[in-house]
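> Contents of work16.cif (mmCIF, C-alpha atoms) are below:
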data_data
loop_
_atom_site.label_atom_id
_atom_site.label_comp_id
_atom_site.auth_asym_id
_atom_site.auth_seq_id
_atom_site.Cartn_x
_atom_site.Cartn_y
_atom_site.Cartn_z
CA MET A 1 0.00 0.00 0.00
CA PRO A 2 1.42 3.43 -0.83
CA SER A 3 2.26 5.24 2.36
CA ALA A 4 0.88 8.67 3.07
CA GLY A 5 4.29 10.24 2.69
CA SER A 6 4.72 13.92 3.25
CA ASP A 7 4.60 16.12 0.17
CA PRO A 8 5.63 19.71 0.94
CA ASP A 9 3.71 21.15 -2.02
CA LEU A 10 0.53 19.44 -0.94
CA ASP A 11 1.11 20.41 2.69
CA ALA A 12 1.30 24.07 1.81
CA ALA A 13 -1.90 23.79 -0.18
CA THR A 14 -3.75 21.89 2.52
CA PRO A 15 -6.40 24.10 4.03
CA VAL A 16 -7.17 23.92 7.74
CA SER A 17 -10.53 22.19 8.12
CA ILE A 18 -12.60 22.94 11.17
CA LYS A 19 -15.33 20.42 11.85
CA ILE A 20 -18.38 21.40 13.87
CA LEU A 21 -21.22 18.99 14.65
CA ILE A 22 -24.82 20.13 14.76
CA ALA A 23 -26.83 17.80 16.98
CA GLY A 24 -30.23 17.73 18.61
CA GLY A 25 -33.56 16.02 18.39
CA PHE A 26 -35.65 15.54 15.29
CA GLY A 27 -37.17 18.84 14.18
CA ALA A 28 -35.07 20.96 16.53
CA GLY A 29 -33.75 23.05 13.64
CA LYS A 30 -30.47 21.37 12.66
CA THR A 31 -31.11 21.56 8.93
CA THR A 32 -32.42 25.11 9.24
CA LEU A 33 -29.27 26.25 11.01
CA VAL A 34 -26.91 24.57 8.59
CA SER A 35 -28.69 26.02 5.56
CA SER A 36 -29.00 29.52 6.96
CA VAL A 37 -25.30 29.90 7.67
CA SER A 38 -23.47 27.75 5.15
CA GLU A 39 -23.40 26.43 1.64
CA ILE A 40 -25.35 23.23 2.21
CA LYS A 41 -24.85 20.08 0.16
CA PRO A 42 -26.69 16.78 0.27
CA LEU A 43 -24.67 13.95 1.73
CA ARG A 44 -25.90 10.40 1.84
CA THR A 45 -24.11 8.46 4.46
CA GLU A 46 -24.91 4.79 4.62
CA GLU A 47 -27.36 2.45 3.11
CA VAL A 48 -28.22 0.66 6.31
CA LEU A 49 -29.39 -2.89 6.29
CA SER A 50 -31.66 -4.26 8.93
CA GLU A 51 -30.12 -3.56 12.29
CA PRO A 52 -28.62 -6.95 13.16
CA SER A 53 -26.72 -7.06 9.89
CA VAL A 54 -25.29 -3.56 10.04
CA LEU A 55 -21.90 -4.74 11.18
CA VAL A 56 -21.86 -7.94 9.17
CA ASP A 57 -20.30 -8.04 5.78
CA ALA A 58 -23.04 -10.11 4.22
CA LEU A 59 -26.29 -9.59 2.45
CA ASP A 60 -28.45 -11.41 4.97
CA GLY A 61 -31.35 -9.13 5.55
CA VAL A 62 -31.57 -7.68 2.09
CA GLU A 63 -34.61 -9.80 1.49
CA GLN A 64 -36.30 -8.09 4.42
CA LYS A 65 -35.95 -4.76 2.64
CA THR A 66 -35.59 -2.96 5.91
CA THR A 67 -33.24 -0.47 4.40
CA THR A 68 -32.79 3.19 4.94
CA THR A 69 -30.81 5.87 3.27
CA VAL A 70 -29.50 8.21 5.90
CA ALA A 71 -29.14 11.74 4.67
CA MET A 72 -26.98 14.08 6.65
CA ASP A 73 -26.83 17.85 6.58
CA PHE A 74 -23.46 18.89 5.35
CA GLY A 75 -22.43 22.50 4.99
CA ARG A 76 -19.24 24.37 4.35
CA ILE A 77 -18.22 27.92 5.11
CA THR A 78 -15.10 29.07 3.33
CA VAL A 79 -13.56 31.45 5.82
CA ARG A 80 -10.38 31.99 3.81
CA ASP A 81 -8.74 30.09 1.00
CA ASP A 82 -6.82 28.11 3.60
CA LEU A 83 -9.51 27.90 6.26
CA VAL A 84 -12.80 26.08 5.83
CA VAL A 85 -15.46 25.36 8.44
CA TYR A 86 -17.50 22.19 7.87
CA LEU A 87 -20.83 21.64 9.54
CA PHE A 88 -22.19 18.12 9.93
CA GLY A 89 -25.74 17.61 11.10
CA THR A 90 -25.63 14.41 13.11
CA PRO A 91 -28.29 11.85 12.34
CA GLY A 92 -30.86 11.95 15.12
CA GLN A 93 -31.98 8.36 15.40
CA HIS A 94 -30.19 6.30 17.99
CA ARG A 95 -29.51 3.43 15.66
CA PHE A 96 -27.23 5.65 13.60
CA TRP A 97 -25.06 6.54 16.53
CA PHE A 98 -22.34 4.29 15.26
CA MET A 99 -21.62 7.18 12.93
CA TRP A 100 -21.21 9.73 15.69
CA ASP A 101 -17.84 8.54 16.92
CA GLU A 102 -16.39 8.97 13.51
CA LEU A 103 -18.01 12.37 13.09
CA ALA A 104 -16.81 13.53 16.48
CA LEU A 105 -13.21 12.54 15.79
CA GLY A 106 -11.16 15.68 15.33
CA ALA A 107 -14.16 17.96 15.69
CA LEU A 108 -13.67 21.38 17.23
CA GLY A 109 -16.98 21.13 19.02
CA ALA A 110 -20.71 20.78 18.71
CA VAL A 111 -23.92 22.75 18.77
CA VAL A 112 -26.82 21.00 20.48
CA MET A 113 -30.05 22.41 19.10
CA ALA A 114 -32.82 22.40 21.67
CA ASP A 115 -36.53 22.88 21.21
CA THR A 116 -38.02 24.04 24.51
CA ARG A 117 -41.23 22.16 23.72
CA ARG A 118 -39.22 18.92 23.68
CA LEU A 119 -36.14 19.57 25.78
CA ALA A 120 -35.75 15.90 26.61
CA ASP A 121 -34.86 15.26 22.95
CA SER A 122 -31.53 17.00 23.58
CA PHE A 123 -30.54 14.77 26.51
CA PRO A 124 -28.80 12.10 24.42
CA SER A 125 -26.70 14.69 22.54
CA VAL A 126 -25.72 16.50 25.73
CA ASP A 127 -24.81 13.16 27.32
CA TYR A 128 -22.75 12.11 24.35
CA PHE A 129 -20.66 15.28 24.14
CA GLU A 130 -20.16 15.42 27.92
CA ARG A 131 -18.88 11.85 27.92
CA ARG A 132 -16.59 12.50 24.98
CA GLY A 133 -15.31 15.74 26.48
CA LEU A 134 -16.10 17.60 23.28
CA PRO A 135 -16.85 21.31 23.77
CA PHE A 136 -20.48 22.10 23.02
CA VAL A 137 -22.94 24.95 23.28
CA VAL A 138 -26.69 24.62 23.58
CA ALA A 139 -28.66 26.67 21.05
CA VAL A 140 -32.28 27.11 22.09
CA ASN A 141 -34.20 27.53 18.88
CA CYS A 142 -36.95 30.04 19.59
CA PHE A 143 -39.81 28.87 17.43
CA ASP A 144 -42.78 31.09 16.82
CA GLY A 145 -45.30 30.41 19.52
CA ALA A 146 -42.90 28.45 21.70
CA LYS A 147 -42.70 29.67 25.24
CA ARG A 148 -39.54 31.66 25.85
CA PHE A 149 -37.35 30.18 28.52
CA GLN A 150 -34.64 31.87 30.46
CA PRO A 151 -31.28 30.29 29.66
CA GLU A 152 -30.81 29.39 33.30
CA ALA A 153 -34.08 27.44 33.29
CA VAL A 154 -32.77 25.48 30.29
CA ARG A 155 -29.48 24.92 32.11
CA THR A 156 -31.32 23.47 35.07
CA ALA A 157 -33.60 21.35 32.94
CA LEU A 158 -30.67 19.91 30.98
CA ASP A 159 -28.44 19.69 34.05
CA LEU A 160 -25.63 21.50 32.24
CA ASN A 161 -22.33 22.51 33.77
CA PRO A 162 -22.22 26.21 34.67
CA ASP A 163 -19.65 27.00 31.97
CA VAL A 164 -21.55 25.51 29.01
CA PRO A 165 -22.80 28.47 26.95
CA ILE A 166 -26.53 28.65 26.20
CA VAL A 167 -27.62 30.81 23.28
CA LEU A 168 -31.15 31.73 22.33
CA CYS A 169 -31.36 31.72 18.56
CA ASP A 170 -33.58 31.80 15.54
CA ALA A 171 -32.01 29.22 13.26
CA ARG A 172 -33.74 30.76 10.23
CA GLN A 173 -31.69 33.92 10.64
CA ARG A 174 -28.21 33.79 9.23
CA SER A 175 -26.90 36.29 11.79
CA SER A 176 -28.41 34.32 14.64
CA SER A 177 -26.97 30.99 13.45
CA ARG A 178 -23.64 32.70 12.92
CA ASP A 179 -23.66 33.95 16.51
CA VAL A 180 -24.18 30.40 17.72
CA LEU A 181 -21.07 29.26 15.84
CA VAL A 182 -19.05 32.23 17.09
CA THR A 183 -20.09 31.38 20.66
CA LEU A 184 -18.87 27.82 20.17
CA VAL A 185 -15.51 28.85 18.70
CA GLU A 186 -14.96 31.39 21.51
CA TYR A 187 -15.85 28.73 24.07
CA ALA A 188 -13.35 26.33 22.50
CA ILE A 189 -10.68 29.03 22.63
CA ARG A 190 -11.43 29.58 26.34
CA LEU A 191 -11.14 25.87 27.08
CA ILE A 192 -7.82 25.62 25.23
CA SER A 193 -6.42 28.66 27.04
CA ASP A 194 -7.62 27.31 30.41
CA SER A 195 -6.03 23.94 29.82
CA GLU A 196 -2.75 25.64 28.91
CA VAL A 197 -2.84 27.63 32.13
CA MET A 198 -3.54 24.50 34.13
CA ALA A 199 -0.99 22.33 32.37
CA PRO A 200 1.90 24.52 31.26
CA ARG A 201 4.49 22.77 29.12
CA MET B 1 -22.00 17.45 -10.75
CA ARG B 2 -25.09 15.42 -11.33
CA ASP B 3 -24.49 14.52 -14.97
CA ASN B 4 -22.71 11.31 -14.27
CA GLN B 5 -24.92 9.45 -11.89
CA TRP B 6 -24.63 5.73 -11.65
CA LEU B 7 -27.83 5.33 -9.75
CA ASP B 8 -31.29 6.48 -10.48
CA ARG B 9 -33.68 7.58 -7.79
CA ASP B 10 -35.96 4.62 -8.37
CA ALA B 11 -33.26 2.11 -7.70
CA GLY B 12 -33.57 0.02 -4.58
CA PRO B 13 -31.33 1.60 -2.01
CA VAL B 14 -29.15 -1.31 -1.04
CA VAL B 15 -28.00 -3.55 -3.78
CA ARG B 16 -26.88 -1.17 -6.45
CA PRO B 17 -24.50 1.08 -4.54
CA TYR B 18 -22.75 -1.89 -3.00
CA ALA B 19 -22.56 -3.59 -6.36
CA LEU B 20 -19.91 -0.94 -7.06
CA THR B 21 -17.90 -2.35 -4.19
CA GLY B 22 -18.26 -6.02 -5.03
CA GLY B 23 -20.75 -6.37 -2.19
CA ARG B 24 -18.29 -5.36 0.49
CA THR B 25 -19.46 -2.94 3.13
CA ARG B 26 -16.13 -2.24 4.83
CA PRO B 27 -13.13 -0.39 3.41
CA THR B 28 -9.72 -1.98 3.61
CA GLY B 29 -6.45 -0.54 4.83
CA GLU B 30 -5.84 2.43 7.06
CA SER B 31 -9.07 4.25 7.85
CA PHE B 32 -9.52 7.86 6.89
CA ASP B 33 -11.40 10.86 8.16
CA LEU B 34 -14.46 12.41 6.52
CA LEU B 35 -12.35 15.48 5.89
CA ALA B 36 -9.28 13.59 4.66
CA LEU B 37 -8.10 14.99 1.35
CA VAL B 38 -8.20 12.81 -1.73
CA ALA B 39 -5.81 13.62 -4.56
CA SER B 40 -5.48 11.82 -7.88
CA ASN B 41 -2.06 10.42 -8.55
CA ASP B 42 -0.30 11.06 -11.82
CA LEU B 43 -2.06 8.90 -14.34
CA ASN B 44 0.60 8.89 -17.05
CA SER B 45 1.65 5.37 -16.32
CA ILE B 46 -1.87 3.99 -16.08
CA ASP B 47 -3.96 2.81 -18.96
CA ASP B 48 -7.22 4.53 -18.11
CA VAL B 49 -9.16 2.41 -20.57
CA LEU B 50 -8.83 -0.37 -18.02
CA LEU B 51 -10.29 1.69 -15.18
CA GLU B 52 -13.86 1.43 -14.01
CA PRO B 53 -15.86 4.55 -14.93
CA GLU B 54 -16.45 5.44 -11.30
CA TYR B 55 -12.70 5.34 -10.67
CA LEU B 56 -12.17 7.72 -13.58
CA GLU B 57 -14.80 10.07 -12.20
CA VAL B 58 -13.07 10.11 -8.81
CA MET B 59 -9.72 10.78 -10.53
CA ARG B 60 -11.27 13.62 -12.50
CA GLN B 61 -12.87 15.20 -9.45
CA CYS B 62 -9.74 14.94 -7.35
CA ARG B 63 -7.21 16.63 -9.62
CA GLN B 64 -7.33 19.27 -6.90
CA PRO B 65 -7.33 17.61 -3.48
CA LYS B 66 -10.88 17.25 -2.24
CA PRO B 67 -12.26 16.20 1.14
CA VAL B 68 -13.95 12.78 1.25
CA ALA B 69 -17.28 14.32 2.36
CA ASP B 70 -17.29 16.79 -0.54
CA LEU B 71 -16.46 13.99 -2.95
CA ALA B 72 -19.30 11.77 -1.71
CA SER B 73 -21.73 14.67 -2.01
CA ASP B 74 -20.57 15.56 -5.53
CA LEU B 75 -20.68 11.92 -6.64
CA ASP B 76 -24.11 11.51 -5.02
CA LEU B 77 -23.00 8.20 -3.57
CA PRO B 78 -23.28 7.13 0.06
CA LEU B 79 -20.21 7.80 2.16
CA GLY B 80 -19.84 4.13 2.97
CA VAL B 81 -19.59 3.26 -0.71
CA VAL B 82 -17.18 6.08 -1.44
CA ARG B 83 -14.91 4.95 1.38
CA ILE B 84 -14.64 1.49 -0.14
CA LEU B 85 -14.01 2.85 -3.64
CA LEU B 86 -11.30 5.10 -2.25
CA SER B 87 -9.61 2.38 -0.22
CA ASP B 88 -9.51 0.20 -3.34
CA MET B 89 -8.15 3.05 -5.41
CA ARG B 90 -5.51 3.77 -2.80
CA GLU B 91 -4.44 0.14 -2.90
CA ARG B 92 -4.06 0.39 -6.66
CA GLY B 93 -2.01 3.55 -6.35
CA LEU B 94 -4.59 5.72 -8.10
CA VAL B 95 -5.18 8.21 -5.32
CA THR B 96 -3.42 9.53 -2.26
CA ILE B 97 -5.51 10.10 0.86
CA ARG B 98 -4.09 12.54 3.35
CA PRO B 99 -5.35 13.31 6.83
CA PRO B 100 -6.86 16.79 7.13
CA ALA B 101 -4.52 19.56 8.28
CA ARG B 102 -5.24 19.71 11.98
CA THR B 103 -1.91 20.74 13.34
CA ARG B 104 -3.15 24.26 13.98
CA LEU B 105 -6.57 23.28 15.28
CA THR B 106 -5.53 23.87 18.87
CA ASP B 107 -3.81 27.14 18.02
CA PRO B 108 -5.90 29.88 19.68
CA GLN B 109 -4.79 32.36 17.01
CA VAL B 110 -6.23 30.20 14.22
CA LEU B 111 -9.46 29.84 16.16
CA LYS B 112 -9.58 33.61 16.76
CA ASP B 113 -9.24 34.08 12.99
CA VAL B 114 -12.16 31.70 12.53
CA ALA B 115 -14.30 33.54 15.07
CA ASP B 116 -13.49 36.90 13.46
CA ALA B 117 -14.28 35.60 10.00
CA LEU B 118 -17.56 34.09 11.17
CA ARG B 119 -18.56 37.40 12.75
CA ARG B 120 -18.19 39.04 9.35
CA LEU B 121 -20.54 36.59 7.64
#
Would you give me this structure, written as structure tokens?


Amino acid sequence: MPSAGSDPDLDAATPVSIKILIAGGFGAGKTTLVSSVSEIKPLRTEEVLSEPSVLVDALDGVEQKTTTTVAMDFGRITVRDDLVVYLFGTPGQHRFWFMWDELALGALGAVVMADTRRLADSFPSVDYFERRGLPFVVAVNCFDGAKRFQPEAVRTALDLNPDVPIVLCDARQRSSSRDVLVTLVEYAIRLISDSEVMAPR
Amino acid sequence: MRDNQWLDRDAGPVVRPYALTGGRTRPTGESFDLLALVASNDLNSIDDVLLEPEYLEVMRQCRQPKPVADLASDLDLPLGVVRILLSDMRERGLVTIRPPARTRLTDPQVLKDVADALRRL
């Protein structure tokens, strides 16, 4: 197999890719946020066979036709020629969580979209990112007609650490979605600086 | 690019994409990130008449290095299928797959640049 040897020309031309995950329950506004703030592209991920055969390299189960195409929201924001931010909307259903680990690898952080009418839908995402130690912010999507919550009430309901930023947003608005991403990046910078203070090299 | 689709929308979702991979559902060799960059290798020494059309399309699209996720989206093929195609192509020396540049990801200055640029959106 050819090794991935280092090629200086290619290195210089390699843009820095920042990966941000957009998570949250079904209908919480993930797609809306990705499309309002980035150039969105369709991305099919896996053609999943019936659940027991997902990890088996065989076609058992094809005859059951329990197949699904998982579409994922995928957006890119070209910050500079050499700096691109990629947004990946994580698939919501639990049975696709095998994809999350791969998505989370090397990610800068995550946005957990929360719908105050169904806050419990955000629990699994919050749990996941806490366990992985991946920086995340909670974006409370303020739908028309949804009761406005104070951020601190959301913090209590989701049992979030005091330092996790909570942003009220309207995912349809580009500026609002942008502010959510800025909040996440600033939070990540704070965490990096803190860890350098605590563990000087 | 949607002019070179190998699948039509009416096709059953399972069998046809994985027919491109000989029925395999797992890539071989070293795994690679969704944002790994795929670059076509110099084709001068390869008789492209012998290459599968989907390989040629990947080679064409990756003359400039392109992230795996972008490639899958542009090919309109599932990521899982694209991963297998790419691992096969890497084995045959047709493409080089490089990890994404992450060395500066923990550099606060880079992240400040990102935050500033996002604010200007």

> Near Tyr18 in chain B, within 8 Å and counting only C-alpha atoms, which residues show up once chain neighbours fewer than 6 positions away are dropped, as a list in words?

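Here the qualifying residues turn out to be Arg24, Thr25 and Val81 of chain B.
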
> Which protein, DNA or RNA residues are at most 6 Å from (-30.2, 22.5, 19.3) in the file's coordinates when you count only C-alpha atoms, listed as a short mmCIF file (atom, residue, chain, number, x, y, z; two decimals) with C-alpha atoms, keeping the file's coordinate frame?


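Output saved as point.cif:
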data_model
loop_
_atom_site.label_atom_id
_atom_site.label_comp_id
_atom_site.auth_asym_id
_atom_site.auth_seq_id
_atom_site.Cartn_x
_atom_site.Cartn_y
_atom_site.Cartn_z
CA GLY A 24 -30.23 17.73 18.61
CA ALA A 28 -35.07 20.96 16.53
CA VAL A 112 -26.82 21.00 20.48
CA MET A 113 -30.05 22.41 19.10
CA ALA A 114 -32.82 22.40 21.67
CA VAL A 138 -26.69 24.62 23.58
CA ALA A 139 -28.66 26.67 21.05
CA VAL A 140 -32.28 27.11 22.09
#

> I'd like the interatomic distance between CA of Ser175 in chain A and CA of Arg148 in chain A, to a tenth of an Å.

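CA of Arg148 in chain A lies at a distance of 19.5 Å from CA of Ser175 in chain A.
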
> If you take all atoms listed in the file and a cut-off of 6 Å, which residues of chain B touch chain A, and what are their nearest atom pairs and distances in Å to one decimal, in chain and number order, as JSON lines?


{"residue": "B:Val14", "atom": "CA", "partner": "A:Glu47", "partner_atom": "CA", "distance": 5.9}
{"residue": "B:Thr25", "atom": "CA", "partner": "A:Asp57", "partner_atom": "CA", "distance": 5.8}
{"residue": "B:Ser73", "atom": "CA", "partner": "A:Leu43", "partner_atom": "CA", "distance": 4.8}
{"residue": "B:Pro78", "atom": "CA", "partner": "A:Arg44", "partner_atom": "CA", "distance": 4.6}
{"residue": "B:Leu79", "atom": "CA", "partner": "A:Thr45", "partner_atom": "CA", "distance": 4.6}
{"residue": "B:Gly80", "atom": "CA", "partner": "A:Glu46", "partner_atom": "CA", "distance": 5.4}
{"residue": "B:Glu91", "atom": "CA", "partner": "A:Met1", "partner_atom": "CA", "distance": 5.3}
{"residue": "B:Ala101", "atom": "CA", "partner": "A:Val16", "partner_atom": "CA", "distance": 5.1}
{"residue": "B:Pro108", "atom": "CA", "partner": "A:Ile189", "partner_atom": "CA", "distance": 5.7}
{"residue": "B:Ala115", "atom": "CA", "partner": "A:Val182", "partner_atom": "CA", "distance": 5.3}
{"residue": "B:Ala117", "atom": "CA", "partner": "A:Val79", "partner_atom": "CA", "distance": 5.9}

> At what distance in Å, to one decimal, does CA of Asp113 in chain B lie from CA of Arg132 in chain A?

25.8 Å

> By how many Å are CA of Gly89 in chain A and CA of Leu34 in chain B apart?

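So the two atoms, CA of Gly89 in chain A and CA of Leu34 in chain B, lie 13.2 Å apart.
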
> Which residues would end up in the selection if the PyMOL selection byres ((chain B and resi 35) around 7) were applied here, given that I need the answer as a VMD selection string?

chain B and resid 33 to 34 36 to 37 67 to 69 100

> Output the residue selection produced by the PyMOL selection byres ((chain B and resi 21) around 12) on the file above, formatted as a tab-separated table (two decimals) with C-alpha atoms, in the frame of the given file.


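So the final result, stored in out-v1.tsv, reads:
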chain	number	residue	atom	x	y	z
A	57	ASP	CA	-20.30	-8.04	5.78
B	14	VAL	CA	-29.15	-1.31	-1.04
B	15	VAL	CA	-28.00	-3.55	-3.78
B	16	ARG	CA	-26.88	-1.17	-6.45
B	17	PRO	CA	-24.50	1.08	-4.54
B	18	TYR	CA	-22.75	-1.89	-3.00
B	19	ALA	CA	-22.56	-3.59	-6.36
B	20	LEU	CA	-19.91	-0.94	-7.06
B	22	GLY	CA	-18.26	-6.02	-5.03
B	23	GLY	CA	-20.75	-6.37	-2.19
B	24	ARG	CA	-18.29	-5.36	0.49
B	25	THR	CA	-19.46	-2.94	3.13
B	26	ARG	CA	-16.13	-2.24	4.83
B	27	PRO	CA	-13.13	-0.39	3.41
B	28	THR	CA	-9.72	-1.98	3.61
B	52	GLU	CA	-13.86	1.43	-14.01
B	54	GLU	CA	-16.45	5.44	-11.30
B	55	TYR	CA	-12.70	5.34	-10.67
B	77	LEU	CA	-23.00	8.20	-3.57
B	78	PRO	CA	-23.28	7.13	0.06
B	80	GLY	CA	-19.84	4.13	2.97
B	81	VAL	CA	-19.59	3.26	-0.71
B	82	VAL	CA	-17.18	6.08	-1.44
B	83	ARG	CA	-14.91	4.95	1.38
B	84	ILE	CA	-14.64	1.49	-0.14
B	85	LEU	CA	-14.01	2.85	-3.64
B	86	LEU	CA	-11.30	5.10	-2.25
B	87	SER	CA	-9.61	2.38	-0.22
B	88	ASP	CA	-9.51	0.20	-3.34
B	89	MET	CA	-8.15	3.05	-5.41

> Calculate, to one decimal in Å, the centre and edge lengths of the box along x, y and z of the file that holds all listed atoms of range 101-116 of chain A with 4 Å of margin on each side, and present them as AutoDock Vina command-line options.


--center_x -24.6 --center_y 16.3 --center_z 18.8 --size_x 34.9 --size_y 23.5 --size_z 19.4

> Around the point (-2.9, 13.7, -6.5) (coordinates from the file), which residues reach within 8 Å if we count all atoms listed in the file? Answer as a list in words.

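These residues have at least one counted atom within 8 Å: Val38, Ala39, Ser40, Asn41, Asp42, Cys62, Arg63, Gln64, Pro65, Val95 and Thr96 of chain B.
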
> Do a neighbour search on range 165-168 of chain A at 9 Å with only C-alpha atoms, toss out local chain neighbours closer than 2 positions, and write the hits as a count of residues only.

22

> For each of B:Met59, B:Leu118, B:Leu71, B:Ile97, take the minimum atom-to-atom distance to Ser31 in chain B, counting only C-alpha atoms, then give the residue where this is smallest.

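The closest residue to Ser31 in chain B is B:Ile97.
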
> Do you know which residues the PyMOL selection byres ((chain A and resi 124) around 12) returns on this file, as a list in words?

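On the file shown, the PyMOL selection byres ((chain A and resi 124) around 12) covers Ala23, Gly24, Gly25, Phe26, Thr90, Gly92, Gln93, His94, Trp97, Trp100, Val112, Met113, Ala114, Leu119, Ala120, Asp121, Ser122, Phe123, Ser125, Val126, Asp127, Tyr128, Phe129, Glu130, Arg131 and Leu158 of chain A.
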
> With only C-alpha atoms as the basis for distance, which of B:Leu75, B:Arg120, B:Lys112, B:Pro99 is at the shortest distance from Leu56 in chain B?

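Once distances to Leu56 in chain B are computed over only C-alpha atoms, the minimum belongs to B:Leu75.
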
> With distances taken over all atoms listed in the file, which residue among B:Gly93, B:Asp107, B:Asp70, B:Glu57 lies nearest Glu39 in chain A?

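Ranked by minimum distance to Glu39 in chain A, first place goes to B:Asp70.
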